[in-house]
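Source file: run.cif (mmCIF, C-alpha atoms)
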data_final
#
loop_
_atom_site.label_atom_id
_atom_site.label_comp_id
_atom_site.auth_asym_id
_atom_site.auth_seq_id
_atom_site.Cartn_x
_atom_site.Cartn_y
_atom_site.Cartn_z
CA MET A 30 0.00 0.00 0.00
CA GLU A 31 1.34 3.41 -0.89
CA ASN A 32 1.50 6.09 1.76
CA GLU A 33 0.48 9.22 -0.10
CA ALA A 34 1.98 12.65 0.53
CA LYS A 35 0.06 15.12 2.66
CA THR A 36 -0.59 17.43 -0.29
CA GLN A 37 0.17 17.74 -3.92
CA GLU A 38 -0.45 21.40 -4.70
CA THR A 39 2.65 21.63 -6.85
CA PRO A 40 3.21 18.90 -9.43
CA ALA A 41 6.76 17.66 -9.84
CA LYS A 42 8.34 19.38 -12.79
CA GLU A 43 11.03 16.75 -13.01
CA ILE A 44 11.68 13.68 -10.88
CA GLN A 45 15.25 13.77 -9.66
CA GLN A 46 17.12 10.83 -8.21
CA LYS A 47 20.34 10.94 -6.22
CA PRO A 48 23.16 9.63 -8.42
CA VAL A 49 24.09 6.08 -7.44
CA GLU A 50 27.76 6.96 -7.00
CA GLU A 51 26.82 9.83 -4.66
CA VAL A 52 24.80 7.53 -2.43
CA GLN A 53 27.43 4.80 -2.47
CA GLU A 54 30.02 7.30 -1.28
CA ALA A 55 27.73 8.65 1.43
CA VAL A 56 29.38 6.43 4.02
CA VAL A 57 31.72 3.45 3.90
CA VAL A 58 29.76 0.42 5.08
CA SER A 59 30.60 -3.26 5.12
CA SER A 60 28.34 -5.88 3.56
CA LYS A 61 29.57 -8.46 6.09
CA PRO A 62 27.07 -9.06 8.93
CA VAL A 63 28.33 -8.20 12.38
CA SER A 64 27.23 -9.92 15.57
CA PRO A 65 26.21 -7.68 18.48
CA MET A 66 28.90 -7.08 21.11
CA GLU A 67 31.54 -8.57 18.83
CA LEU A 68 33.99 -5.84 19.82
CA ASP A 69 36.45 -7.35 22.30
CA VAL A 70 37.16 -4.73 24.95
CA THR A 71 40.75 -5.33 26.05
CA GLU A 72 43.15 -3.19 28.04
CA GLU A 73 44.96 -2.44 24.78
CA LEU A 74 41.76 -1.25 23.12
CA MET A 75 40.88 0.85 26.15
CA ALA A 76 44.34 2.44 26.05
CA LYS A 77 44.05 3.20 22.31
CA ALA A 78 40.59 4.69 22.82
CA GLY A 79 42.00 6.88 25.57
CA GLN A 80 44.76 8.07 23.26
CA MET A 81 42.22 8.97 20.57
CA VAL A 82 40.22 11.02 23.07
CA LYS A 83 43.35 12.85 24.25
CA SER A 84 44.34 13.60 20.64
CA GLY A 85 41.50 16.11 20.33
CA LEU A 86 40.57 14.71 16.91
CA LEU A 87 37.30 13.13 18.05
CA PRO A 88 33.99 15.01 18.34
CA ASP A 89 33.60 17.09 21.49
CA SER A 90 30.79 14.80 22.64
CA VAL A 91 33.33 11.97 23.07
CA GLN A 92 35.12 12.78 26.33
CA THR A 93 36.10 9.34 27.66
CA ALA A 94 37.66 6.11 26.42
CA GLN A 95 34.48 4.28 27.41
CA GLY A 96 32.41 6.66 25.29
CA ALA A 97 34.72 6.11 22.32
CA ILE A 98 34.38 2.34 22.66
CA VAL A 99 30.58 2.57 22.79
CA ILE A 100 30.58 4.54 19.52
CA MET A 101 32.94 2.03 17.92
CA GLN A 102 30.63 -0.79 19.06
CA TYR A 103 27.56 0.87 17.53
CA GLY A 104 29.58 1.51 14.38
CA LYS A 105 30.73 -2.08 14.17
CA GLU A 106 27.17 -3.35 14.42
CA LEU A 107 26.18 -0.95 11.64
CA GLY A 108 29.17 -1.96 9.51
CA PHE A 109 31.26 1.21 9.90
CA PRO A 110 35.06 1.25 10.24
CA PRO A 111 36.16 2.87 13.54
CA MET A 112 36.97 6.37 12.22
CA ALA A 113 33.80 6.44 10.11
CA SER A 114 31.91 5.68 13.31
CA PHE A 115 33.24 8.84 14.93
CA SER A 116 32.28 10.87 11.85
CA ASN A 117 28.74 9.52 11.63
CA ILE A 118 27.62 8.65 15.16
CA PHE A 119 27.00 11.50 17.60
CA VAL A 120 26.15 11.30 21.28
CA VAL A 121 23.42 13.87 21.98
CA ASN A 122 22.05 14.16 25.51
CA GLY A 123 23.64 10.82 26.35
CA LYS A 124 22.12 8.92 23.42
CA PRO A 125 23.86 7.82 20.17
CA SER A 126 22.36 9.17 16.95
CA LEU A 127 23.20 9.00 13.25
CA ALA A 128 24.25 11.65 10.75
CA THR A 129 21.75 11.71 7.90
CA LYS A 130 24.65 10.96 5.55
CA ALA A 131 25.08 7.63 7.34
CA MET A 132 21.34 6.97 7.13
CA ALA A 133 21.51 7.34 3.36
CA GLY A 134 24.37 4.87 3.11
CA LEU A 135 22.63 2.30 5.30
CA LEU A 136 19.36 2.58 3.38
CA PHE A 137 21.08 2.22 0.03
CA ARG A 138 22.99 -0.84 1.25
CA GLY A 139 19.70 -2.30 2.48
CA GLY A 140 18.09 -2.00 -0.95
CA VAL A 141 16.05 1.15 -0.38
CA ARG A 142 15.86 3.55 -3.32
CA TRP A 143 14.43 7.05 -3.37
CA GLN A 144 13.62 9.98 -5.59
CA VAL A 145 12.88 13.64 -5.00
CA ILE A 146 9.39 14.67 -6.09
CA GLN A 147 9.43 18.26 -4.81
CA ASP A 148 12.54 20.10 -3.65
CA ASP A 149 11.71 23.15 -1.51
CA GLU A 150 9.04 24.13 -4.03
CA GLU A 151 6.93 27.21 -3.46
CA VAL A 152 3.27 26.74 -2.54
CA MET A 153 1.20 29.69 -3.71
CA GLY A 154 -2.18 30.72 -2.32
CA GLY A 155 -4.15 33.72 -1.16
CA GLU A 156 -7.04 35.33 -2.94
CA ASP A 157 -5.04 35.86 -6.09
CA GLY A 158 -3.23 32.54 -5.87
CA LYS A 159 0.08 34.36 -6.17
CA THR A 160 1.00 34.74 -2.51
CA LEU A 161 3.77 32.52 -1.17
CA ILE A 162 2.18 30.63 1.74
CA ASP A 163 4.54 27.69 2.18
CA ARG A 164 7.39 25.60 0.82
CA ILE A 165 7.33 21.83 0.44
CA THR A 166 9.82 19.00 -0.04
CA THR A 167 8.53 15.55 -1.00
CA ILE A 168 10.55 12.34 -1.24
CA GLU A 169 9.43 8.88 -2.31
CA MET A 170 11.20 5.74 -1.10
CA VAL A 171 10.80 2.22 -2.44
CA ARG A 172 11.60 -0.87 -0.38
CA ASP A 173 10.77 -4.39 -1.50
CA GLY A 174 8.46 -2.97 -4.15
CA MET A 175 6.45 -0.92 -1.66
CA LYS A 176 6.34 2.83 -2.20
CA ASN A 177 6.18 5.37 0.61
CA ARG A 178 5.95 9.09 0.01
CA PHE A 179 6.39 11.82 2.60
CA SER A 180 6.22 15.61 2.51
CA PHE A 181 7.83 18.10 4.86
CA ARG A 182 6.65 21.71 4.82
CA TYR A 183 8.30 24.90 5.94
CA THR A 184 5.23 25.50 8.09
CA ASP A 185 6.01 22.15 9.80
CA ALA A 186 9.46 23.46 10.64
CA THR A 187 7.97 26.73 11.87
CA ALA A 188 5.46 24.94 14.10
CA ALA A 189 8.33 22.92 15.61
CA GLY A 190 10.25 26.11 16.36
CA LEU A 191 13.06 25.27 13.94
CA THR A 192 13.01 28.20 11.53
CA LYS A 193 14.55 30.62 14.04
CA ARG A 194 17.60 28.41 14.49
CA ASP A 195 20.71 29.70 12.72
CA VAL A 196 21.24 26.54 10.67
CA TRP A 197 17.66 26.70 9.34
CA VAL A 198 17.93 30.39 8.50
CA LYS A 199 21.17 29.91 6.54
CA TYR A 200 20.54 26.51 4.94
CA ARG A 201 16.75 26.27 4.58
CA LYS A 202 16.62 24.20 1.38
CA ASN A 203 19.24 21.76 2.58
CA MET A 204 17.58 21.33 5.96
CA MET A 205 14.18 20.80 4.37
CA TYR A 206 15.56 17.98 2.20
CA TRP A 207 17.41 16.10 4.93
CA ARG A 208 14.64 16.47 7.51
CA CYS A 209 12.13 15.06 5.02
CA PHE A 210 14.59 12.26 4.19
CA SER A 211 15.27 11.22 7.80
CA MET A 212 11.61 11.27 8.83
CA LEU A 213 10.70 9.05 5.89
CA ALA A 214 13.70 6.77 6.50
CA ASP A 215 12.55 6.24 10.08
CA ARG A 216 9.18 5.08 8.75
CA VAL A 217 10.47 2.90 5.93
CA ALA A 218 13.54 1.23 7.44
CA PRO A 219 13.92 1.59 11.22
CA ASP A 220 15.51 -1.87 11.29
CA LEU A 221 18.33 -0.79 8.98
CA LEU A 222 18.99 2.18 11.26
CA MET A 223 18.88 0.03 14.43
CA GLY A 224 16.24 2.43 15.70
CA MET A 225 18.76 5.26 15.94
CA GLN A 226 17.49 8.82 15.51
CA ASP A 227 18.71 11.51 13.13
CA ALA A 228 21.50 13.41 14.91
CA ALA A 229 20.31 16.73 13.45
CA VAL A 230 16.84 16.18 14.91
CA MET A 231 18.32 15.41 18.32
CA MET A 232 20.54 18.50 18.14
CA ASP A 233 17.55 20.66 17.25
CA VAL A 234 15.60 19.25 20.19
CA HIS A 235 18.44 19.91 22.62
CA LYS A 236 19.44 23.28 21.09
CA GLN A 237 22.93 22.16 20.12
CA GLY A 238 24.73 24.13 17.42
CA TYR A 239 25.63 22.37 14.18
CA VAL A 240 25.83 22.72 10.41
CA GLN A 241 24.40 20.10 8.04
CA LYS A 242 26.23 19.95 4.72
CA ASP A 243 24.75 19.18 1.30
CA ASP A 244 25.74 15.50 1.58
CA GLY A 245 24.01 15.09 4.94
CA SER A 246 27.18 15.10 7.06
CA ILE A 247 27.19 17.11 10.28
CA ILE A 248 29.71 19.53 11.73
CA ILE A 249 29.26 20.45 15.38
CA GLU A 250 29.76 24.11 16.15
#

Using structure tokens, write down the structure from this file.
Amino acid sequence: MENEAKTQETPAKEIQQKPVEEVQEAVVVSSKPVSPMELDVTEELMAKAGQMVKSGLLPDSVQTAQGAIVIMQYGKELGFPPMASFSNIFVVNGKPSLATKAMAGLLFRGGVRWQVIQDDEEVMGGEDGKTLIDRITTIEMVRDGMKNRFSFRYTDATAAGLTKRDVWVKYRKNMMYWRCFSMLADRVAPDLLMGMQDAAVMMDVHKQGYVQKDDGSIIIE
């Protein structure tokens, strides 16, 4: 059964699909299944994790060797190499979350495909039909032959108190795309994401500063 978009005021002028090579390069993932808790925590590993923390090269949210090991464990279960884990898994308010870039890589590996139907398109209204009343981004995902379509509106972001945040003011179109993507991904393939939330969503909730790049990667400010 297809989950239809909320609205379809603006027909898609042209269906765009992320280039395959772009999605494949979104994050390095392994096709080899990994058993939970496979990471063997030894004194040597603990010492190396401590050295990585002291190096200052890890995200600010990783302050202890134990925290670094937890991220590496989550990454291993998702199929990420250790350093890719630190680039794509963020601890926000004590909980691990995923960069949207990593979500895209995991979905693609799991056989999910998607296309952009509307990309920050203007929604006109008013008495004359020429007044800008909203903007809308719509994405369709296909998994195992089942289509799911989801729309995210600028008025949705406004209602959630997002549009006053610096990252939304500066990068509106980019934020609209990735927020629509992550919300749909959570509906279509929560198993592929191990139930982990979008790091950008968590950072918005907890008022943490960040920048989300075009490819979905996150830089903490």

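Summary of the local environment: counting only C-alpha atoms, residues at most 12 Å from Arg201 of chain A, other than itself and those fewer than 4 positions away along its chain, are Asp148, Asp149, Glu150, Arg164, Ile165, Thr166, Arg182, Tyr183, Ala186, Thr187, Leu191, Thr192, Lys193, Arg194, Asp195, Val196, Trp197, Met205, Tyr206, Trp207, Arg208, Val240, Gln241, Lys242 and Asp243 of chain A.
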
Quiz item: Applied to the shown file, which residues does the PyMOL selection byres ((chain A and resi 172) around 12) return, written as a PyMOL selection string?
Solution: chain A and resi 30-31+136-143+169-171+173-178+213-214+216-218+221

Self-check item: d(atom CA of Leu74 of chain A, atom CA of Ile98 of chain A) in Å
Solution: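 Computing it gives 8.2 Å between the two atoms.
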
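In this model, the gap between atom CA of Phe179 of chain A and atom CA of Gly238 of chain A comes to 26.6 Å.
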
Exercise. Return the single residue from A:Ala94, A:Leu135, A:Leu87, A:Val145 that is closest to Ser116 of chain A, with distances computed using all atoms listed in the file.
Key: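 Closest candidate: A:Leu87.
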
Practice problem: For the structure shown, which residues end up in the PyMOL selection byres ((chain A and resi 121) around 9)? Put them as a PyMOL selection string, please? | Solution: chain A and resi 90+119-120+122-126+228+231-232+235+237

What does the file look like for those residues with C-alpha atoms, as a PDB file, in the coordinates of the input?
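Writing the result to out-v3.pdb gives the following:
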ATOM      1  CA  SER A  90      30.790  14.800  22.640  1.00  0.00           C
ATOM      2  CA  PHE A 119      27.000  11.500  17.600  1.00  0.00           C
ATOM      3  CA  VAL A 120      26.150  11.300  21.280  1.00  0.00           C
ATOM      4  CA  ASN A 122      22.050  14.160  25.510  1.00  0.00           C
ATOM      5  CA  GLY A 123      23.640  10.820  26.350  1.00  0.00           C
ATOM      6  CA  LYS A 124      22.120   8.920  23.420  1.00  0.00           C
ATOM      7  CA  PRO A 125      23.860   7.820  20.170  1.00  0.00           C
ATOM      8  CA  SER A 126      22.360   9.170  16.950  1.00  0.00           C
ATOM      9  CA  ALA A 228      21.500  13.410  14.910  1.00  0.00           C
ATOM     10  CA  MET A 231      18.320  15.410  18.320  1.00  0.00           C
ATOM     11  CA  MET A 232      20.540  18.500  18.140  1.00  0.00           C
ATOM     12  CA  HIS A 235      18.440  19.910  22.620  1.00  0.00           C
ATOM     13  CA  GLN A 237      22.930  22.160  20.120  1.00  0.00           C
TER      14      GLN A 237
END

Practice problem: Please provide the set of residues having any atom within 10 Å of Pro111 of chain A, restricted to all atoms listed in the file, with same-chain residues fewer than 6 positions apart removed, written as a PyMOL selection string. | Solution: chain A and resi 97-98+100-105

Practice problem: Apply the PyMOL selection byres ((chain A and resi 250) around 7) to the structure shown and report the selected residues as a VMD selection string. | Solution: chain A and resid 238 to 239 248 to 249

Quiz item: If you measure from atom CA of Thr167 of chain A to atom CA of Gln147 of chain A, what distance in Å do you get, rounded to one decimal?
Solution: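 If I compute the distance from atom CA of Thr167 of chain A to atom CA of Gln147 of chain A, I get 4.8 Å.
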
Quiz prompt | Shortest interatomic distance to Leu86 of chain A - which of A:Val99, A:Met223, A:Met112, A:Met132, counting only C-alpha atoms | solution =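 Closest to Leu86 of chain A of all the choices is A:Met112.
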
Quiz item: Contacts of Ala76 of chain A at 12 Å or less, counting only C-alpha atoms, minus same-chain residues fewer than 4 places along, as a list of chain:residue names?
Solution: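 Everything that qualifies: A:Val70, A:Thr71, A:Glu72, A:Gln80, A:Met81, A:Val82, A:Lys83, A:Thr93, A:Ala94, A:Gln95, A:Ala97, A:Ile98.
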
Quiz prompt | Spatial neighbours of Ala128 of chain A, max dist 8 Å, all atoms listed in the file, sep filter under 5 positions, as a list in words | solution =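 Near neighbours after the sequence-gap exclusion: Asn117, Ile118, Phe119, Asp227, Ala228, Ala229, Gly245, Ser246 and Ile247 of chain A.
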
Residues from last step as file, C-alpha atoms, as a PDB file, in the coordinates of the input:
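Written out: again07.pdb:
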ATOM      1  CA  ASN A 117      28.740   9.520  11.630  1.00  0.00           C
ATOM      2  CA  ILE A 118      27.620   8.650  15.160  1.00  0.00           C
ATOM      3  CA  PHE A 119      27.000  11.500  17.600  1.00  0.00           C
ATOM      4  CA  ASP A 227      18.710  11.510  13.130  1.00  0.00           C
ATOM      5  CA  ALA A 228      21.500  13.410  14.910  1.00  0.00           C
ATOM      6  CA  ALA A 229      20.310  16.730  13.450  1.00  0.00           C
ATOM      7  CA  GLY A 245      24.010  15.090   4.940  1.00  0.00           C
ATOM      8  CA  SER A 246      27.180  15.100   7.060  1.00  0.00           C
ATOM      9  CA  ILE A 247      27.190  17.110  10.280  1.00  0.00           C
TER      10      ILE A 247
END

Quiz item: So which one's closest to Gln226 of chain A, A:Ala133, A:Leu127, A:Phe181, A:Asn203? Using all atoms listed in the file, please.
Solution: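 Closest candidate: A:Leu127.
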
Practice problem: Would you mind telling me which residue in A:Phe210, A:Phe115, A:Gly224, A:Lys130 lies nearest to Ser180 of chain A when using all atoms listed in the file? | Solution: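 Of A:Phe210, A:Phe115, A:Gly224, A:Lys130, the one nearest Ser180 of chain A, counting all atoms listed in the file, is A:Phe210.
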